[in-house]
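Novice: My structure is in upload_9.cif, and what it holds is mmCIF, C-alpha atoms:
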data_data
#
loop_
_atom_site.label_atom_id
_atom_site.label_comp_id
_atom_site.auth_asym_id
_atom_site.auth_seq_id
_atom_site.Cartn_x
_atom_site.Cartn_y
_atom_site.Cartn_z
CA MET M 1 133.71 -13.54 45.72
CA ALA M 2 130.77 -15.26 43.99
CA GLU M 3 128.53 -13.23 41.71
CA THR M 4 124.95 -12.80 42.98
CA ILE M 5 122.25 -14.59 40.98
CA THR M 6 118.80 -13.05 40.67
CA ILE M 7 115.85 -15.39 40.11
CA VAL M 8 112.57 -13.86 38.99
CA GLY M 9 109.74 -16.11 40.17
CA GLY M 10 109.44 -18.00 43.42
CA GLY M 11 107.57 -21.08 42.23
CA LEU M 12 108.87 -24.64 42.17
CA ALA M 13 111.70 -24.08 39.70
CA GLY M 14 112.81 -20.72 41.10
CA LEU M 15 112.90 -21.78 44.74
CA THR M 16 114.53 -25.14 43.97
CA LEU M 17 117.23 -23.44 41.92
CA GLY M 18 117.73 -20.87 44.68
CA ILE M 19 118.12 -23.61 47.31
CA GLY M 20 120.64 -25.46 45.14
CA LEU M 21 122.70 -22.31 44.63
CA ARG M 22 122.69 -21.51 48.35
CA GLN M 23 123.86 -25.06 49.09
CA ARG M 24 126.92 -24.21 46.98
CA GLY M 25 127.55 -20.85 48.61
CA VAL M 26 126.22 -18.67 45.78
CA PRO M 27 124.41 -15.49 46.90
CA VAL M 28 120.83 -15.49 45.55
CA THR M 29 117.87 -13.14 45.52
CA VAL M 30 114.45 -14.49 44.50
CA TRP M 31 111.74 -12.02 43.47
CA GLU M 32 108.16 -13.27 43.86
CA ALA M 33 105.13 -11.14 43.01
CA GLY M 34 102.80 -13.24 45.18
CA ARG M 35 102.94 -14.41 48.77
CA TYR M 36 103.22 -17.72 50.66
CA PRO M 37 101.50 -20.00 51.31
CA ARG M 38 99.26 -20.02 48.25
CA HIS M 39 97.20 -22.36 46.13
CA ARG M 40 98.14 -22.87 42.48
CA VAL M 41 96.50 -24.64 39.55
CA CYS M 42 98.54 -27.83 39.63
CA GLY M 43 98.06 -31.59 39.52
CA GLU M 44 100.09 -31.75 42.77
CA PHE M 45 101.60 -34.99 41.50
CA ILE M 46 105.37 -35.56 41.32
CA SER M 47 106.04 -38.39 38.93
CA GLY M 48 109.26 -39.22 37.13
CA ARG M 49 112.83 -38.00 37.28
CA GLY M 50 111.98 -34.95 39.37
CA GLN M 51 111.99 -37.13 42.48
CA ALA M 52 115.65 -37.98 41.80
CA SER M 53 116.41 -34.26 41.37
CA LEU M 54 114.82 -33.54 44.75
CA ALA M 55 116.83 -36.36 46.34
CA ARG M 56 120.14 -35.11 44.90
CA LEU M 57 119.36 -31.63 46.23
CA GLY M 58 118.64 -33.07 49.67
CA LEU M 59 114.99 -31.98 49.55
CA LYS M 60 113.10 -35.25 49.25
CA ASP M 61 113.48 -36.35 52.87
CA SER M 62 112.46 -32.97 54.25
CA LEU M 63 109.49 -32.91 51.90
CA ASN M 64 108.38 -36.30 53.20
CA GLU M 65 108.50 -34.86 56.70
CA ALA M 66 106.41 -31.86 55.61
CA GLY M 67 103.65 -34.19 54.41
CA VAL M 68 103.23 -36.13 51.18
CA ALA M 69 101.10 -39.07 50.06
CA CYS M 70 102.44 -41.92 47.95
CA ALA M 71 100.50 -42.83 44.80
CA THR M 72 100.90 -46.32 43.32
CA SER M 73 97.73 -46.84 41.26
CA ALA M 74 95.75 -45.08 38.54
CA ALA M 75 92.28 -45.42 37.01
CA LEU M 76 91.00 -43.95 33.74
CA PHE M 77 87.37 -42.99 33.18
CA TYR M 78 85.36 -41.89 30.18
CA GLY M 79 81.88 -40.71 31.01
CA LYS M 80 80.34 -43.04 33.59
CA ARG M 81 82.63 -45.98 32.85
CA MET M 82 86.03 -46.90 34.26
CA VAL M 83 87.98 -48.02 31.20
CA ALA M 84 91.31 -48.93 32.83
CA SER M 85 92.79 -49.56 36.26
CA ARG M 86 96.52 -50.13 36.52
CA PRO M 87 99.45 -49.82 38.93
CA LEU M 88 101.76 -46.91 38.22
CA PRO M 89 105.10 -48.10 36.79
CA GLU M 90 106.79 -45.93 39.43
CA ALA M 91 105.36 -44.59 42.68
CA ALA M 92 104.57 -40.87 42.66
CA LEU M 93 104.40 -38.25 45.41
CA CYS M 94 101.26 -36.18 45.94
CA VAL M 95 101.61 -32.91 47.83
CA SER M 96 99.59 -29.72 48.07
CA ARG M 97 101.20 -26.67 46.51
CA PHE M 98 99.96 -24.76 49.55
CA VAL M 99 102.31 -26.92 51.62
CA LEU M 100 105.09 -27.36 49.06
CA ASP M 101 105.65 -23.74 48.06
CA GLY M 102 105.71 -22.64 51.68
CA HIS M 103 108.13 -25.43 52.55
CA LEU M 104 110.55 -24.51 49.75
CA ALA M 105 110.35 -20.80 50.62
CA GLN M 106 111.20 -21.57 54.25
CA GLU M 107 114.10 -23.81 53.20
CA PHE M 108 115.48 -21.15 50.86
CA ARG M 109 115.42 -18.55 53.62
CA ARG M 110 116.91 -21.01 56.11
CA ARG M 111 119.90 -21.39 53.82
CA GLY M 112 120.47 -17.64 53.68
CA GLY M 113 118.67 -16.76 50.47
CA GLU M 114 117.00 -13.37 50.10
CA LEU M 115 113.31 -13.76 49.23
CA ARG M 116 111.42 -10.63 48.23
CA VAL M 117 107.72 -11.47 48.31
CA GLY M 118 104.90 -9.27 47.07
CA THR M 119 107.41 -7.51 44.84
CA ARG M 120 107.38 -7.57 41.06
CA TRP M 121 110.66 -7.54 39.14
CA THR M 122 110.89 -4.53 36.80
CA GLY M 123 114.50 -4.87 35.68
CA ALA M 124 115.98 -6.38 32.53
CA TYR M 125 116.68 -10.08 31.99
CA GLY M 126 120.37 -9.72 31.40
CA GLU M 127 123.51 -11.20 32.85
CA GLY M 128 122.99 -12.83 36.23
CA VAL M 129 119.16 -12.90 35.97
CA VAL M 130 117.17 -16.11 35.50
CA ARG M 131 113.50 -16.09 34.51
CA ALA M 132 111.45 -18.60 36.52
CA ALA M 133 108.10 -16.84 36.06
CA GLY M 134 106.09 -15.56 33.16
CA ARG M 135 104.76 -18.63 31.40
CA ARG M 136 103.97 -18.14 27.72
CA VAL M 137 100.39 -16.85 27.35
CA GLU M 138 98.36 -17.87 24.29
CA PRO M 139 94.82 -16.44 24.23
CA ALA M 140 93.91 -19.07 21.62
CA ALA M 141 95.65 -21.99 19.92
CA ASP M 142 94.22 -23.70 16.82
CA GLY M 143 90.89 -22.02 17.52
CA TRP M 144 90.69 -23.18 21.15
CA ARG M 145 91.07 -21.30 24.42
CA TRP M 146 92.73 -23.44 27.11
CA PHE M 147 92.27 -22.90 30.83
CA GLY M 148 92.86 -24.78 34.06
CA LEU M 149 90.83 -25.10 37.27
CA LYS M 150 91.75 -26.57 40.64
CA VAL M 151 90.08 -27.11 44.03
CA HIS M 152 90.63 -29.30 47.09
CA ALA M 153 87.86 -31.45 48.54
CA ARG M 154 87.08 -33.98 51.26
CA GLY M 155 84.60 -36.81 51.36
CA ILE M 156 85.57 -38.33 48.01
CA ALA M 157 86.12 -42.07 47.67
CA LEU M 158 88.58 -42.81 44.86
CA ALA M 159 88.98 -46.03 42.92
CA ALA M 160 92.77 -45.47 42.78
CA ASP M 161 95.36 -43.03 44.14
CA LEU M 162 95.09 -41.12 40.85
CA GLU M 163 91.96 -40.88 38.70
CA MET M 164 91.80 -39.33 35.23
CA HIS M 165 88.35 -38.46 33.90
CA PHE M 166 88.10 -37.72 30.17
CA ARG M 167 85.34 -36.05 28.23
CA PRO M 168 85.24 -34.48 24.74
CA SER M 169 86.65 -31.07 25.66
CA ALA M 170 88.39 -31.67 28.97
CA TYR M 171 90.16 -34.00 31.32
CA VAL M 172 90.15 -33.80 35.11
CA GLY M 173 92.59 -35.50 37.46
CA LEU M 174 91.91 -36.43 41.08
CA CYS M 175 94.71 -37.47 43.41
CA ARG M 176 94.95 -38.31 47.08
CA LEU M 177 96.66 -35.78 49.32
CA PRO M 178 97.71 -36.22 52.95
CA GLY M 179 95.06 -35.83 55.62
CA GLY M 180 92.13 -37.13 53.57
CA GLU M 181 92.10 -34.31 51.04
CA VAL M 182 91.73 -34.85 47.30
CA ASN M 183 93.12 -32.48 44.67
CA ILE M 184 90.77 -31.91 41.72
CA CYS M 185 92.50 -30.27 38.78
CA GLY M 186 91.41 -30.09 35.16
CA LEU M 187 92.39 -28.78 31.74
CA PHE M 188 89.56 -27.43 29.58
CA ARG M 189 89.14 -25.99 26.13
CA SER M 190 86.45 -23.70 24.79
CA ALA M 191 85.88 -22.18 21.36
CA THR M 192 84.78 -18.93 23.02
CA THR M 193 85.73 -16.98 26.12
CA VAL M 194 84.19 -18.07 29.43
CA PRO M 195 83.20 -14.73 31.00
CA ASP M 196 81.84 -15.85 34.37
CA LEU M 197 84.27 -18.59 35.39
CA ALA M 198 84.41 -17.37 39.00
CA ARG M 199 80.72 -18.33 39.33
CA CYS M 200 80.38 -21.40 37.09
CA TRP M 201 83.65 -23.24 37.79
CA ARG M 202 81.93 -26.06 39.71
CA GLY M 203 79.97 -27.07 36.64
CA TRP M 204 83.09 -27.18 34.51
CA LEU M 205 84.97 -29.31 37.02
CA ARG M 206 82.30 -31.87 37.87
CA GLY M 207 81.15 -32.54 34.31
CA PRO M 208 77.78 -33.75 33.03
CA PRO M 209 75.20 -35.54 35.21
CA GLY M 210 75.55 -39.29 35.08
CA SER M 211 79.32 -39.25 34.68
CA ALA M 212 81.59 -40.88 37.24
CA LEU M 213 83.13 -37.50 38.00
CA TYR M 214 79.72 -35.96 38.66
CA GLU M 215 79.03 -38.74 41.16
CA ARG M 216 82.36 -38.03 42.89
CA PHE M 217 81.23 -34.44 43.45
CA SER M 218 77.86 -35.46 44.90
CA GLY M 219 79.34 -36.23 48.33
CA ALA M 220 82.31 -33.86 48.27
CA GLN M 221 82.96 -31.01 50.69
CA LEU M 222 84.80 -28.43 48.59
CA ASP M 223 87.41 -26.14 50.15
CA GLU M 224 86.39 -23.07 48.20
CA ASP M 225 89.35 -21.09 49.55
CA SER M 226 91.58 -23.45 47.60
CA PHE M 227 89.89 -22.75 44.26
CA CYS M 228 92.10 -21.14 41.63
CA SER M 229 92.17 -20.83 37.86
CA VAL M 230 94.55 -19.98 35.05
CA ALA M 231 93.80 -19.08 31.42
CA GLY M 232 95.67 -18.53 28.18
CA LEU M 233 97.70 -21.71 28.55
CA GLY M 234 100.30 -22.24 25.84
CA LEU M 235 100.95 -25.96 25.54
CA ARG M 236 103.08 -26.07 22.40
CA PRO M 237 106.56 -27.26 23.36
CA ARG M 238 109.46 -24.81 23.16
CA ARG M 239 113.16 -25.50 22.98
CA ALA M 240 115.43 -23.84 25.54
CA THR M 241 117.88 -22.82 22.81
CA GLU M 242 115.13 -20.67 21.25
CA HIS M 243 114.96 -18.40 24.31
CA ARG M 244 117.02 -15.23 24.47
CA GLU M 245 116.71 -15.26 28.27
CA TRP M 246 117.82 -17.96 30.70
CA CYS M 247 114.56 -19.69 31.61
CA VAL M 248 113.58 -22.54 33.93
CA GLY M 249 110.28 -24.19 34.81
CA ASP M 250 107.10 -23.07 33.04
CA ALA M 251 108.92 -20.01 31.73
CA LEU M 252 111.00 -22.46 29.68
CA THR M 253 108.17 -24.69 28.42
CA MET M 254 105.00 -26.43 29.59
CA ILE M 255 104.18 -30.10 29.18
CA PRO M 256 100.49 -31.09 28.82
CA PRO M 257 99.07 -31.71 32.31
CA MET M 258 97.79 -35.14 31.25
CA THR M 259 101.29 -36.56 31.69
CA GLY M 260 101.58 -35.57 35.35
CA ASN M 261 105.15 -34.46 34.66
CA GLY M 262 104.99 -30.68 35.03
CA MET M 263 106.20 -30.54 38.64
CA SER M 264 109.03 -32.96 37.91
CA MET M 265 110.19 -30.89 34.94
CA ALA M 266 110.31 -27.80 37.15
CA PHE M 267 112.68 -29.56 39.55
CA GLU M 268 114.72 -31.06 36.72
CA SER M 269 115.15 -27.76 34.86
CA ALA M 270 116.37 -26.15 38.09
CA GLU M 271 118.93 -28.90 38.60
CA ILE M 272 120.13 -28.65 34.98
CA ALA M 273 120.69 -24.90 35.36
CA LEU M 274 122.50 -25.28 38.68
CA GLY M 275 125.97 -26.35 37.50
CA PRO M 276 126.42 -23.71 34.78
CA LEU M 277 125.11 -20.97 37.09
CA VAL M 278 127.55 -21.93 39.84
CA ARG M 279 130.45 -21.79 37.39
CA PHE M 280 129.29 -18.42 36.08
CA SER M 281 128.99 -17.08 39.62
CA ARG M 282 132.57 -18.21 40.36
CA GLY M 283 133.93 -16.61 37.19
CA GLU M 284 134.66 -19.93 35.47
CA LEU M 285 132.19 -19.40 32.59
CA GLY M 286 130.82 -16.36 30.78
CA TRP M 287 127.08 -15.75 30.95
CA ALA M 288 126.35 -16.57 27.29
CA GLN M 289 128.39 -19.78 27.44
CA ALA M 290 126.76 -20.88 30.70
CA GLN M 291 123.27 -20.14 29.36
CA GLN M 292 123.88 -22.11 26.16
CA GLU M 293 125.26 -25.05 28.12
CA SER M 294 122.13 -25.15 30.28
CA ALA M 295 119.83 -24.70 27.27
CA ARG M 296 121.43 -27.54 25.30
CA ALA M 297 121.21 -29.86 28.31
CA SER M 298 117.53 -28.93 28.81
CA ASP M 299 116.70 -29.63 25.18
CA GLN M 300 118.50 -32.95 25.32
CA GLU M 301 116.54 -33.94 28.43
CA PHE M 302 113.09 -32.64 27.50
CA THR M 303 112.60 -32.57 23.71
CA SER M 304 111.64 -36.21 23.27
CA ARG M 305 109.14 -36.31 26.13
CA LEU M 306 107.61 -32.98 25.09
CA ARG M 307 107.11 -34.30 21.55
CA CYS M 308 105.46 -37.48 22.83
CA ALA M 309 103.30 -35.58 25.32
CA ALA M 310 102.12 -33.15 22.62
CA TRP M 311 101.12 -36.08 20.40
CA LEU M 312 99.26 -37.75 23.27
CA GLN M 313 97.46 -34.52 24.15
CA ARG M 314 96.28 -33.99 20.55
CA ALA M 315 95.23 -37.62 20.18
CA MET M 316 93.11 -37.60 23.33
CA PHE M 317 91.01 -34.74 21.92
CA LEU M 318 90.37 -36.52 18.59
CA PRO M 319 87.08 -38.45 18.78
CA ALA M 320 88.29 -41.03 16.27
CA VAL M 321 91.54 -41.73 18.15
CA ARG M 322 90.67 -41.37 21.84
CA PRO M 323 88.74 -44.69 22.16
CA ALA M 324 91.68 -46.59 20.66
CA LEU M 325 94.14 -45.02 23.11
CA LEU M 326 91.93 -45.80 26.10
CA PHE M 327 91.48 -49.36 24.82
CA MET M 328 95.25 -49.80 24.53
CA ALA M 329 95.77 -48.40 28.02
CA ALA M 330 93.25 -50.90 29.37
CA ARG M 331 94.48 -53.94 27.44
CA SER M 332 98.23 -53.51 27.05
CA ALA M 333 100.59 -53.22 30.00
CA ARG M 334 103.39 -52.57 27.51
CA PHE M 335 101.56 -49.59 25.98
CA TRP M 336 100.73 -48.23 29.45
CA ARG M 337 104.32 -48.46 30.62
CA GLY M 338 105.66 -47.11 27.33
CA MET M 339 103.51 -43.96 27.46
CA PHE M 340 104.46 -43.46 31.07
CA GLU M 341 108.18 -43.74 30.37
CA ARG M 342 108.18 -41.63 27.18
CA THR M 343 106.50 -38.66 28.86
CA ARG M 344 108.72 -38.72 31.97
#
As structure tokens, how would this structure be written, given the file I've shared?
Specialist:
Amino acid sequence: MAETITIVGGGLAGLTLGIGLRQRGVPVTVWEAGRYPRHRVCGEFISGRGQASLARLGLKDSLNEAGVACATSAALFYGKRMVASRPLPEAALCVSRFVLDGHLAQEFRRRGGELRVGTRWTGAYGEGVVRAAGRRVEPAADGWRWFGLKVHARGIALAADLEMHFRPSAYVGLCRLPGGEVNICGLFRSATTVPDLARCWRGWLRGPPGSALYERFSGAQLDEDSFCSVAGLGLRPRRATEHREWCVGDALTMIPPMTGNGMSMAFESAEIALGPLVRFSRGELGWAQAQQESARASDQEFTSRLRCAAWLQRAMFLPAVRPALLFMAARSARFWRGMFERTR
């Protein structure tokens, strides 16, 4: 009889891994402290190899039926000026986490998985337990405090399916969602704490008057129930082989949101863990051996793109470097494609 696998965290990576295990007859329990459906700070943009992971797990077609938008173009802005407009090298999927998380939770339960919602895991992370929650929290990194904000809106006319708006201490992405909605999600840094974010978040998201992003907000109808925030973001890449626990998704590592690859990496890390976990559950591998096999495969898949993404993130916040990068993105299709491929 197969050994039961416990997954702590019912986000993208945890639910996807749970679905994959149930497809292979492995008993699974997922513990999730929150409830479904819910909004999460997320670019809601699936770009890169994660789409192939979803297809191999048989989830891409059902997700299309649940409601996604296809993104094929991107535009970059700095201040009031659009500095680049280009087709995406590969089409991306845009889907609300409110829809996606609920869809995956329903699919997991449909396949016979046990989902314990509103319940926090208090046990140890030992044999048979995978951590898919508990991202690394860093109150400050290199003197900066990083936080993310997200809200949905209607009544916004975009110049492309995906817009990225840059300013000295932030970048904000806008992407089309099904049904005329637009997801607005940004990463911000501050040298000090922001004590009243629940009241002043609109000002952080829309930016300074006169900017293109500020003009986007002028006619927007914000869905304030969709607003959410997250603080203490740790964006330094981590290797899977450095973890004592078996981790997937953000619990493993985070990639800078600028790349639009975070959702894909969640799906990919789940798929990488799937094979070793199945063999452990069937008694074909010991836990330590299975964990190391998954960790080495994760590092092989992610290390290069994490390194490139970390460099790109740092460069975009350097005033002397940022104009050159935006110029290259506008003028060189080869540079644009290269950055896209190296971070995905």
Novice: Which residues fall under the PyMOL selection byres ((chain M and resi 122-139) around 7) in this file, as an MDAnalysis selection string?
Specialist: chainID M and resid 5:9 13:14 120:121 140:141 145 232:234 245:251 287
Novice: With all atoms listed in the file as the atoms that count, which of M:Arg238, M:Arg154, M:His165, M:Arg86 lies nearest to Ala330 (chain M)?
Specialist: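 Closest candidate: M:Arg86.
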Novice: List as a list in words: which residues have an atom within 6 Å of (104.0, -36.5, 32.9), counting only C-alpha atoms?
Specialist: Thr259, Gly260, Asn261, Thr343 and Arg344 of chain M
Novice: Evaluate the PyMOL selection byres ((chain M and resi 298) around 10) here and jot the selected residues down as a PyMOL selection string.
Specialist: chain M and resi 239-241+248+252+265+268-273+292-297+299-303
Novice: If you measure from CA of Ile19 (chain M) to CA of Ala69 (chain M), what distance in Å do you get, rounded to one decimal?
Specialist: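 Rounded to one decimal, the two atoms are 23.2 Å apart.
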Novice: My list of candidates is M:Ser73, M:Ser190, M:Asn183, M:Ser332. Which is closest to Cys42 (chain M) when distances are computed with all atoms listed in the file?
Specialist: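 For Cys42 (chain M), the nearest of the candidates is M:Asn183.
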Novice: Exactly which residues make up the result of the PyMOL selection byres ((chain M and resi 263) around 8) on this file, given as an MDAnalysis selection string?
Specialist: chainID M and resid 12 44:47 50 260:262 264:267
Novice: Using C-alpha atoms, can you export the residues from the last selection as a tab-separated table (two decimals), in the frame of the given file?
Specialist:
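again00.tsv, freshly written:
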chain	number	residue	atom	x	y	z
M	12	LEU	CA	108.87	-24.64	42.17
M	44	GLU	CA	100.09	-31.75	42.77
M	45	PHE	CA	101.60	-34.99	41.50
M	46	ILE	CA	105.37	-35.56	41.32
M	47	SER	CA	106.04	-38.39	38.93
M	50	GLY	CA	111.98	-34.95	39.37
M	260	GLY	CA	101.58	-35.57	35.35
M	261	ASN	CA	105.15	-34.46	34.66
M	262	GLY	CA	104.99	-30.68	35.03
M	264	SER	CA	109.03	-32.96	37.91
M	265	MET	CA	110.19	-30.89	34.94
M	266	ALA	CA	110.31	-27.80	37.15
M	267	PHE	CA	112.68	-29.56	39.55
